[in-house]
$ cat start.cif   # mmCIF, N, CA and C atoms
data_entry
#
loop_
_atom_site.label_atom_id
_atom_site.label_comp_id
_atom_site.auth_asym_id
_atom_site.auth_seq_id
_atom_site.Cartn_x
_atom_site.Cartn_y
_atom_site.Cartn_z
N MET I 1 189.04 76.03 92.37
CA MET I 1 188.67 77.43 92.36
C MET I 1 188.61 77.97 90.93
N TYR I 2 189.55 77.57 90.09
CA TYR I 2 189.59 78.03 88.71
C TYR I 2 188.31 77.65 87.97
N GLN I 3 187.83 76.43 88.18
CA GLN I 3 186.61 75.96 87.53
C GLN I 3 185.42 76.84 87.92
N TRP I 4 185.35 77.21 89.18
CA TRP I 4 184.27 78.06 89.66
C TRP I 4 184.30 79.41 88.96
N HIS I 5 185.48 80.01 88.82
CA HIS I 5 185.59 81.30 88.16
C HIS I 5 185.23 81.19 86.67
N ARG I 6 185.61 80.11 86.04
CA ARG I 6 185.26 79.90 84.63
C ARG I 6 183.75 79.80 84.47
N GLN I 7 183.09 79.08 85.37
CA GLN I 7 181.65 78.90 85.28
C GLN I 7 180.93 80.24 85.49
N ILE I 8 181.38 81.03 86.44
CA ILE I 8 180.77 82.34 86.67
C ILE I 8 180.95 83.22 85.44
N GLN I 9 182.13 83.24 84.87
CA GLN I 9 182.37 84.05 83.68
C GLN I 9 181.51 83.57 82.52
N HIS I 10 181.33 82.28 82.40
CA HIS I 10 180.48 81.71 81.35
C HIS I 10 179.04 82.21 81.52
N ILE I 11 178.54 82.22 82.75
CA ILE I 11 177.18 82.69 83.02
C ILE I 11 177.05 84.17 82.65
N VAL I 12 178.00 84.97 83.09
CA VAL I 12 177.95 86.41 82.80
C VAL I 12 178.00 86.67 81.30
N ASP I 13 178.87 85.97 80.60
CA ASP I 13 178.97 86.14 79.14
C ASP I 13 177.67 85.75 78.45
N GLU I 14 177.06 84.67 78.89
CA GLU I 14 175.81 84.21 78.29
C GLU I 14 174.68 85.20 78.56
N ILE I 15 174.62 85.75 79.76
CA ILE I 15 173.60 86.75 80.08
C ILE I 15 173.77 87.97 79.18
N ASP I 16 174.99 88.42 79.01
CA ASP I 16 175.23 89.57 78.14
C ASP I 16 174.82 89.28 76.69
N ARG I 17 175.12 88.10 76.21
CA ARG I 17 174.72 87.73 74.84
C ARG I 17 173.20 87.73 74.71
N CYS I 18 172.50 87.20 75.70
CA CYS I 18 171.04 87.15 75.66
C CYS I 18 170.44 88.56 75.67
N ILE I 19 171.01 89.44 76.48
CA ILE I 19 170.51 90.81 76.53
C ILE I 19 170.75 91.50 75.19
N GLN I 20 171.91 91.31 74.61
CA GLN I 20 172.23 91.94 73.33
C GLN I 20 171.33 91.40 72.22
N ARG I 21 170.91 90.15 72.34
CA ARG I 21 169.97 89.57 71.36
C ARG I 21 168.53 89.94 71.68
N GLN I 22 168.35 90.64 72.79
CA GLN I 22 167.04 91.11 73.26
C GLN I 22 166.09 89.95 73.52
N GLU I 23 166.61 88.91 74.16
CA GLU I 23 165.77 87.78 74.55
C GLU I 23 165.17 88.07 75.92
N ASN I 24 164.03 87.50 76.18
CA ASN I 24 163.39 87.76 77.47
C ASN I 24 164.02 86.92 78.58
N GLU I 25 163.62 87.19 79.82
CA GLU I 25 164.23 86.53 80.96
C GLU I 25 164.07 85.02 80.95
N SER I 26 162.90 84.54 80.54
CA SER I 26 162.70 83.09 80.55
C SER I 26 163.60 82.40 79.54
N ALA I 27 163.82 83.03 78.39
CA ALA I 27 164.73 82.44 77.40
C ALA I 27 166.15 82.43 77.95
N THR I 28 166.52 83.47 78.66
CA THR I 28 167.85 83.53 79.26
C THR I 28 168.02 82.44 80.30
N LEU I 29 167.04 82.27 81.15
CA LEU I 29 167.11 81.24 82.18
C LEU I 29 167.15 79.85 81.54
N GLN I 30 166.33 79.61 80.55
CA GLN I 30 166.35 78.31 79.87
C GLN I 30 167.71 78.03 79.26
N ARG I 31 168.26 79.01 78.57
CA ARG I 31 169.57 78.85 77.93
C ARG I 31 170.66 78.60 78.96
N LEU I 32 170.65 79.37 80.04
CA LEU I 32 171.66 79.18 81.09
C LEU I 32 171.56 77.79 81.70
N ALA I 33 170.35 77.38 82.02
CA ALA I 33 170.15 76.07 82.63
C ALA I 33 170.63 74.95 81.70
N GLN I 34 170.32 75.07 80.42
CA GLN I 34 170.77 74.07 79.45
C GLN I 34 172.28 74.03 79.36
N LYS I 35 172.91 75.19 79.24
CA LYS I 35 174.36 75.23 79.10
C LYS I 35 175.08 74.70 80.33
N LEU I 36 174.50 74.94 81.50
CA LEU I 36 175.12 74.48 82.74
C LEU I 36 174.76 73.04 83.08
N GLY I 37 173.70 72.53 82.45
CA GLY I 37 173.29 71.16 82.71
C GLY I 37 172.47 71.00 83.98
N TYR I 38 171.83 72.07 84.41
CA TYR I 38 171.00 72.04 85.62
C TYR I 38 169.56 72.37 85.25
N SER I 39 168.66 72.10 86.19
CA SER I 39 167.27 72.53 86.00
C SER I 39 167.21 74.05 86.17
N GLN I 40 166.12 74.64 85.72
CA GLN I 40 165.95 76.08 85.87
C GLN I 40 165.91 76.46 87.36
N TYR I 41 165.24 75.64 88.15
CA TYR I 41 165.16 75.89 89.58
C TYR I 41 166.55 75.89 90.21
N HIS I 42 167.33 74.86 89.91
CA HIS I 42 168.67 74.76 90.49
C HIS I 42 169.57 75.89 90.00
N THR I 43 169.43 76.28 88.74
CA THR I 43 170.22 77.37 88.19
C THR I 43 169.94 78.67 88.94
N THR I 44 168.67 78.98 89.16
CA THR I 44 168.34 80.23 89.87
C THR I 44 168.81 80.17 91.32
N ARG I 45 168.68 79.02 91.94
CA ARG I 45 169.12 78.87 93.33
C ARG I 45 170.63 79.01 93.45
N LYS I 46 171.38 78.36 92.57
CA LYS I 46 172.84 78.45 92.59
C LYS I 46 173.31 79.85 92.23
N PHE I 47 172.63 80.48 91.29
CA PHE I 47 173.02 81.84 90.92
C PHE I 47 172.90 82.76 92.12
N LYS I 48 171.81 82.67 92.84
CA LYS I 48 171.63 83.52 94.02
C LYS I 48 172.69 83.21 95.08
N GLU I 49 173.00 81.95 95.25
CA GLU I 49 174.01 81.54 96.22
C GLU I 49 175.38 82.12 95.86
N ILE I 50 175.72 82.09 94.59
CA ILE I 50 177.04 82.54 94.15
C ILE I 50 177.10 84.07 94.02
N ALA I 51 176.07 84.65 93.41
CA ALA I 51 176.10 86.09 93.11
C ALA I 51 175.59 86.96 94.25
N GLY I 52 174.81 86.38 95.15
CA GLY I 52 174.26 87.16 96.24
C GLY I 52 173.04 87.97 95.85
N MET I 53 172.52 87.73 94.67
CA MET I 53 171.29 88.38 94.22
C MET I 53 170.56 87.44 93.28
N THR I 54 169.30 87.69 93.09
CA THR I 54 168.53 86.82 92.21
C THR I 54 168.95 87.05 90.76
N LEU I 55 168.71 86.05 89.95
CA LEU I 55 169.01 86.16 88.52
C LEU I 55 168.19 87.29 87.91
N ARG I 56 166.96 87.44 88.32
CA ARG I 56 166.09 88.51 87.79
C ARG I 56 166.69 89.88 88.10
N ASP I 57 167.16 90.09 89.33
CA ASP I 57 167.77 91.37 89.70
C ASP I 57 169.05 91.62 88.90
N TYR I 58 169.83 90.56 88.73
CA TYR I 58 171.07 90.70 87.97
C TYR I 58 170.77 91.07 86.51
N LEU I 59 169.80 90.39 85.92
CA LEU I 59 169.41 90.69 84.53
C LEU I 59 168.95 92.14 84.41
N ARG I 60 168.18 92.59 85.36
CA ARG I 60 167.68 93.98 85.32
C ARG I 60 168.85 94.96 85.40
N GLN I 61 169.80 94.70 86.27
CA GLN I 61 170.96 95.58 86.39
C GLN I 61 171.80 95.59 85.11
N ARG I 62 171.97 94.42 84.52
CA ARG I 62 172.75 94.35 83.27
C ARG I 62 172.02 95.06 82.14
N LYS I 63 170.69 94.89 82.05
CA LYS I 63 169.92 95.59 81.03
C LYS I 63 170.05 97.10 81.21
N LEU I 64 169.99 97.54 82.45
CA LEU I 64 170.16 98.98 82.72
C LEU I 64 171.56 99.46 82.33
N ALA I 65 172.56 98.63 82.55
CA ALA I 65 173.92 99.01 82.17
C ALA I 65 174.05 99.15 80.65
N PHE I 66 173.45 98.22 79.92
CA PHE I 66 173.47 98.32 78.45
C PHE I 66 172.65 99.52 77.99
N ALA I 67 171.51 99.76 78.65
CA ALA I 67 170.67 100.91 78.30
C ALA I 67 171.40 102.22 78.59
N LEU I 68 172.13 102.28 79.69
CA LEU I 68 172.90 103.48 80.03
C LEU I 68 173.90 103.78 78.91
N GLN I 69 174.55 102.75 78.44
CA GLN I 69 175.51 102.90 77.35
C GLN I 69 174.81 103.40 76.08
N ALA I 70 173.63 102.88 75.81
CA ALA I 70 172.88 103.30 74.62
C ALA I 70 172.42 104.75 74.77
N VAL I 71 171.99 105.13 75.95
CA VAL I 71 171.58 106.52 76.18
C VAL I 71 172.77 107.45 75.94
N ARG I 72 173.92 107.05 76.43
CA ARG I 72 175.13 107.87 76.31
C ARG I 72 175.65 107.92 74.88
N ASP I 73 175.67 106.78 74.20
CA ASP I 73 176.40 106.68 72.93
C ASP I 73 175.55 106.73 71.67
N SER I 74 174.25 106.56 71.79
CA SER I 74 173.44 106.53 70.57
C SER I 74 172.53 107.75 70.51
N GLY I 75 172.01 107.98 69.36
CA GLY I 75 171.05 109.07 69.18
C GLY I 75 169.62 108.57 69.19
N ASN I 76 169.43 107.30 69.54
CA ASN I 76 168.09 106.72 69.56
C ASN I 76 167.24 107.38 70.63
N GLY I 77 165.94 107.40 70.39
CA GLY I 77 165.01 107.95 71.37
C GLY I 77 164.98 107.09 72.63
N LEU I 78 164.65 107.73 73.74
CA LEU I 78 164.62 107.00 75.01
C LEU I 78 163.58 105.89 75.02
N LEU I 79 162.44 106.11 74.37
CA LEU I 79 161.43 105.06 74.30
C LEU I 79 161.96 103.86 73.51
N ASP I 80 162.64 104.11 72.41
CA ASP I 80 163.22 103.03 71.61
C ASP I 80 164.24 102.24 72.44
N ILE I 81 165.06 102.93 73.19
CA ILE I 81 166.04 102.26 74.05
C ILE I 81 165.33 101.45 75.12
N ALA I 82 164.32 102.05 75.74
CA ALA I 82 163.57 101.36 76.79
C ALA I 82 162.97 100.06 76.27
N LEU I 83 162.33 100.13 75.13
CA LEU I 83 161.69 98.94 74.56
C LEU I 83 162.73 97.92 74.11
N SER I 84 163.87 98.39 73.62
CA SER I 84 164.93 97.49 73.18
C SER I 84 165.46 96.63 74.32
N TYR I 85 165.46 97.17 75.50
CA TYR I 85 166.01 96.44 76.65
C TYR I 85 164.93 95.87 77.55
N GLY I 86 163.72 95.72 77.02
CA GLY I 86 162.69 94.96 77.71
C GLY I 86 161.85 95.73 78.71
N PHE I 87 161.91 97.04 78.70
CA PHE I 87 161.06 97.81 79.60
C PHE I 87 159.73 98.04 78.90
N SER I 88 158.65 98.03 79.66
CA SER I 88 157.31 98.09 79.07
C SER I 88 156.92 99.49 78.63
N SER I 89 157.57 100.51 79.18
CA SER I 89 157.22 101.88 78.82
C SER I 89 158.38 102.81 79.14
N HIS I 90 158.26 104.03 78.65
CA HIS I 90 159.25 105.06 78.95
C HIS I 90 159.27 105.32 80.46
N GLU I 91 158.11 105.33 81.07
CA GLU I 91 158.00 105.61 82.51
C GLU I 91 158.68 104.53 83.34
N ALA I 92 158.45 103.27 82.97
CA ALA I 92 159.08 102.16 83.71
C ALA I 92 160.60 102.22 83.58
N PHE I 93 161.06 102.55 82.39
CA PHE I 93 162.49 102.69 82.15
C PHE I 93 163.07 103.84 82.98
N THR I 94 162.40 104.96 82.97
CA THR I 94 162.87 106.13 83.72
C THR I 94 162.93 105.84 85.21
N ARG I 95 161.91 105.18 85.75
CA ARG I 95 161.90 104.83 87.18
C ARG I 95 163.07 103.90 87.52
N ALA I 96 163.27 102.87 86.71
CA ALA I 96 164.35 101.91 86.97
C ALA I 96 165.72 102.58 86.82
N PHE I 97 165.86 103.40 85.80
CA PHE I 97 167.13 104.09 85.55
C PHE I 97 167.45 105.03 86.71
N GLN I 98 166.46 105.79 87.15
CA GLN I 98 166.68 106.73 88.24
C GLN I 98 166.96 106.01 89.55
N ALA I 99 166.29 104.91 89.79
CA ALA I 99 166.55 104.13 91.00
C ALA I 99 167.97 103.57 91.01
N ALA I 100 168.44 103.18 89.84
CA ALA I 100 169.78 102.58 89.76
C ALA I 100 170.89 103.63 89.77
N TYR I 101 170.67 104.74 89.07
CA TYR I 101 171.76 105.70 88.85
C TYR I 101 171.54 107.06 89.50
N GLY I 102 170.36 107.29 90.06
CA GLY I 102 170.11 108.55 90.75
C GLY I 102 169.86 109.74 89.83
N ILE I 103 169.62 109.47 88.56
CA ILE I 103 169.39 110.52 87.58
C ILE I 103 168.48 109.95 86.49
N THR I 104 167.68 110.79 85.87
CA THR I 104 166.82 110.30 84.80
C THR I 104 167.64 110.10 83.52
N PRO I 105 167.15 109.26 82.61
CA PRO I 105 167.89 109.06 81.37
C PRO I 105 168.05 110.36 80.56
N SER I 106 167.02 111.19 80.53
CA SER I 106 167.13 112.43 79.75
C SER I 106 168.13 113.39 80.38
N ALA I 107 168.19 113.45 81.70
CA ALA I 107 169.19 114.30 82.37
C ALA I 107 170.59 113.74 82.15
N TYR I 108 170.72 112.42 82.14
CA TYR I 108 172.01 111.80 81.90
C TYR I 108 172.52 112.10 80.50
N ARG I 109 171.60 112.05 79.55
CA ARG I 109 171.98 112.29 78.15
C ARG I 109 172.44 113.74 77.99
#

$ encode --input "start.cif" --output "structure tokens"
Amino acid sequence: MYQWHRQIQHIVDEIDRCIQRQENESATLQRLAQKLGYSQYHTTRKFKEIAGMTLRDYLRQRKLAFALQAVRDSGNGLLDIALSYGFSSHEAFTRAFQAAYGITPSAYR
């Protein structure tokens, strides 16, 4: 059981590092698969089995969590924050933020 918890924590830590380095999803998946010693297919399948959600959904939620922190703590513009965390536009960021948190980023700020 301990080994399983260590592996999950390793995955979460690596995802956070990739998001902070602003790497895209494919780079994150490649890095995770390499570190775990599995194929990308097996990594995504095991991640969903363990986490109960797809790796893509998890990455999106973590990016939103980091973006929420940036909206709260930084003076950066919302577009800059959106682009920093991989959203294609201010509108896409606002839609995702509101869907996740029930409030727009500007109202949250």

$ select_by_dssp --input "start.cif" --residues "chain I" --states "helix (DSSP H, G or I)" --output "PyMOL selection string"
chain I and resi 2-20+25-36+40-51+55-73+78-84+90-101+105-108

$ axis_aligned_box --input "start.cif" --around "segment 6-14 of chain I" --padding-each-side "4 Å" --output "lines of an AutoDock Vina configuration file"
center_x = 180.1
center_y = 82.8
center_z = 82.5
size_x = 18.9
size_y = 15.8
size_z = 16.4

$ closest_residue --input "start.cif" --among "I:Thr104, I:Gln7, I:Gln22, I:Ser74" --to "Arg62 of chain I" --atoms "only C-alpha atoms"
I:Gln22

$ atom_distance --input "start.cif" --atom1 "atom C of Ser88 of chain I" --atom2 "atom C of Ile15 of chain I"
20.4 Å

$ closest_residue --input "start.cif" --among "I:Leu36, I:Leu29, I:Leu64, I:Ile19" --to "Phe93 of chain I" --atoms "only C-alpha atoms"
I:Leu64

$ closest_residue --input "start.cif" --among "I:Glu25, I:Arg109, I:Cys18, I:Ala51" --to "Val71 of chain I" --atoms "all atoms listed in the file"
I:Arg109

$ atom_distance --input "start.cif" --atom1 "atom CA of Lys48 of chain I" --atom2 "atom C of Ala99 of chain I"
20.6 Å

$ residues_around --input "start.cif" --residues "His10 of chain I" --least-positions-apart "3" --cutoff "12 Å" --atoms "only C-alpha atoms" --output "VMD selection string"
chain I and resid 3 to 7 13 to 17 31 to 33 35 to 36

$ atom_distance --input "start.cif" --atom1 "atom CA of Ile11 of chain I" --atom2 "atom CA of Tyr85 of chain I"
18.8 Å

$ residues_around --input "start.cif" --residues "Ala67 of chain I" --least-positions-apart "6" --cutoff "8 Å" --atoms "only N, CA and C atoms" --output "list in words"
Gln61, Asp73, Ile81, Ala82, Ser84 and Tyr85 of chain I

$ build_atoms --input "start.cif" --residues "segment 29-43 of chain I" --atoms "N, CA, C and O atoms" --output "compact mmCIF listing (two decimals), in the coordinates of the input"
# COMPACT_ATOMS: atom_id res chain seq x y z
N LEU I 29 167.04 82.27 81.15
CA LEU I 29 167.11 81.24 82.18
C LEU I 29 167.15 79.85 81.54
O LEU I 29 167.96 79.00 81.94
N GLN I 30 166.33 79.61 80.55
CA GLN I 30 166.35 78.31 79.87
C GLN I 30 167.71 78.03 79.26
O GLN I 30 168.26 76.94 79.40
N ARG I 31 168.26 79.01 78.57
CA ARG I 31 169.57 78.85 77.93
C ARG I 31 170.66 78.60 78.96
O ARG I 31 171.51 77.73 78.79
N LEU I 32 170.65 79.37 80.04
CA LEU I 32 171.66 79.18 81.09
C LEU I 32 171.56 77.79 81.70
O LEU I 32 172.57 77.12 81.89
N ALA I 33 170.35 77.38 82.02
CA ALA I 33 170.15 76.07 82.63
C ALA I 33 170.63 74.95 81.70
O ALA I 33 171.31 74.02 82.13
N GLN I 34 170.32 75.07 80.42
CA GLN I 34 170.77 74.07 79.45
C GLN I 34 172.28 74.03 79.36
O GLN I 34 172.89 72.97 79.37
N LYS I 35 172.91 75.19 79.24
CA LYS I 35 174.36 75.23 79.10
C LYS I 35 175.08 74.70 80.33
O LYS I 35 176.14 74.10 80.22
N LEU I 36 174.50 74.94 81.50
CA LEU I 36 175.12 74.48 82.74
C LEU I 36 174.76 73.04 83.08
O LEU I 36 175.41 72.42 83.92
N GLY I 37 173.70 72.53 82.45
CA GLY I 37 173.29 71.16 82.71
C GLY I 37 172.47 71.00 83.98
O GLY I 37 172.41 69.92 84.56
N TYR I 38 171.83 72.07 84.41
CA TYR I 38 171.00 72.04 85.62
C TYR I 38 169.56 72.37 85.25
O TYR I 38 169.28 72.91 84.19
N SER I 39 168.66 72.10 86.19
CA SER I 39 167.27 72.53 86.00
C SER I 39 167.21 74.05 86.17
O SER I 39 168.12 74.66 86.73
N GLN I 40 166.12 74.64 85.72
CA GLN I 40 165.95 76.08 85.87
C GLN I 40 165.91 76.46 87.36
O GLN I 40 166.48 77.47 87.76
N TYR I 41 165.24 75.64 88.15
CA TYR I 41 165.16 75.89 89.58
C TYR I 41 166.55 75.89 90.21
O TYR I 41 166.92 76.81 90.95
N HIS I 42 167.33 74.86 89.91
CA HIS I 42 168.67 74.76 90.49
C HIS I 42 169.57 75.89 90.00
O HIS I 42 170.37 76.43 90.77
N THR I 43 169.43 76.28 88.74
CA THR I 43 170.22 77.37 88.19
C THR I 43 169.94 78.67 88.94
O THR I 43 170.87 79.38 89.32
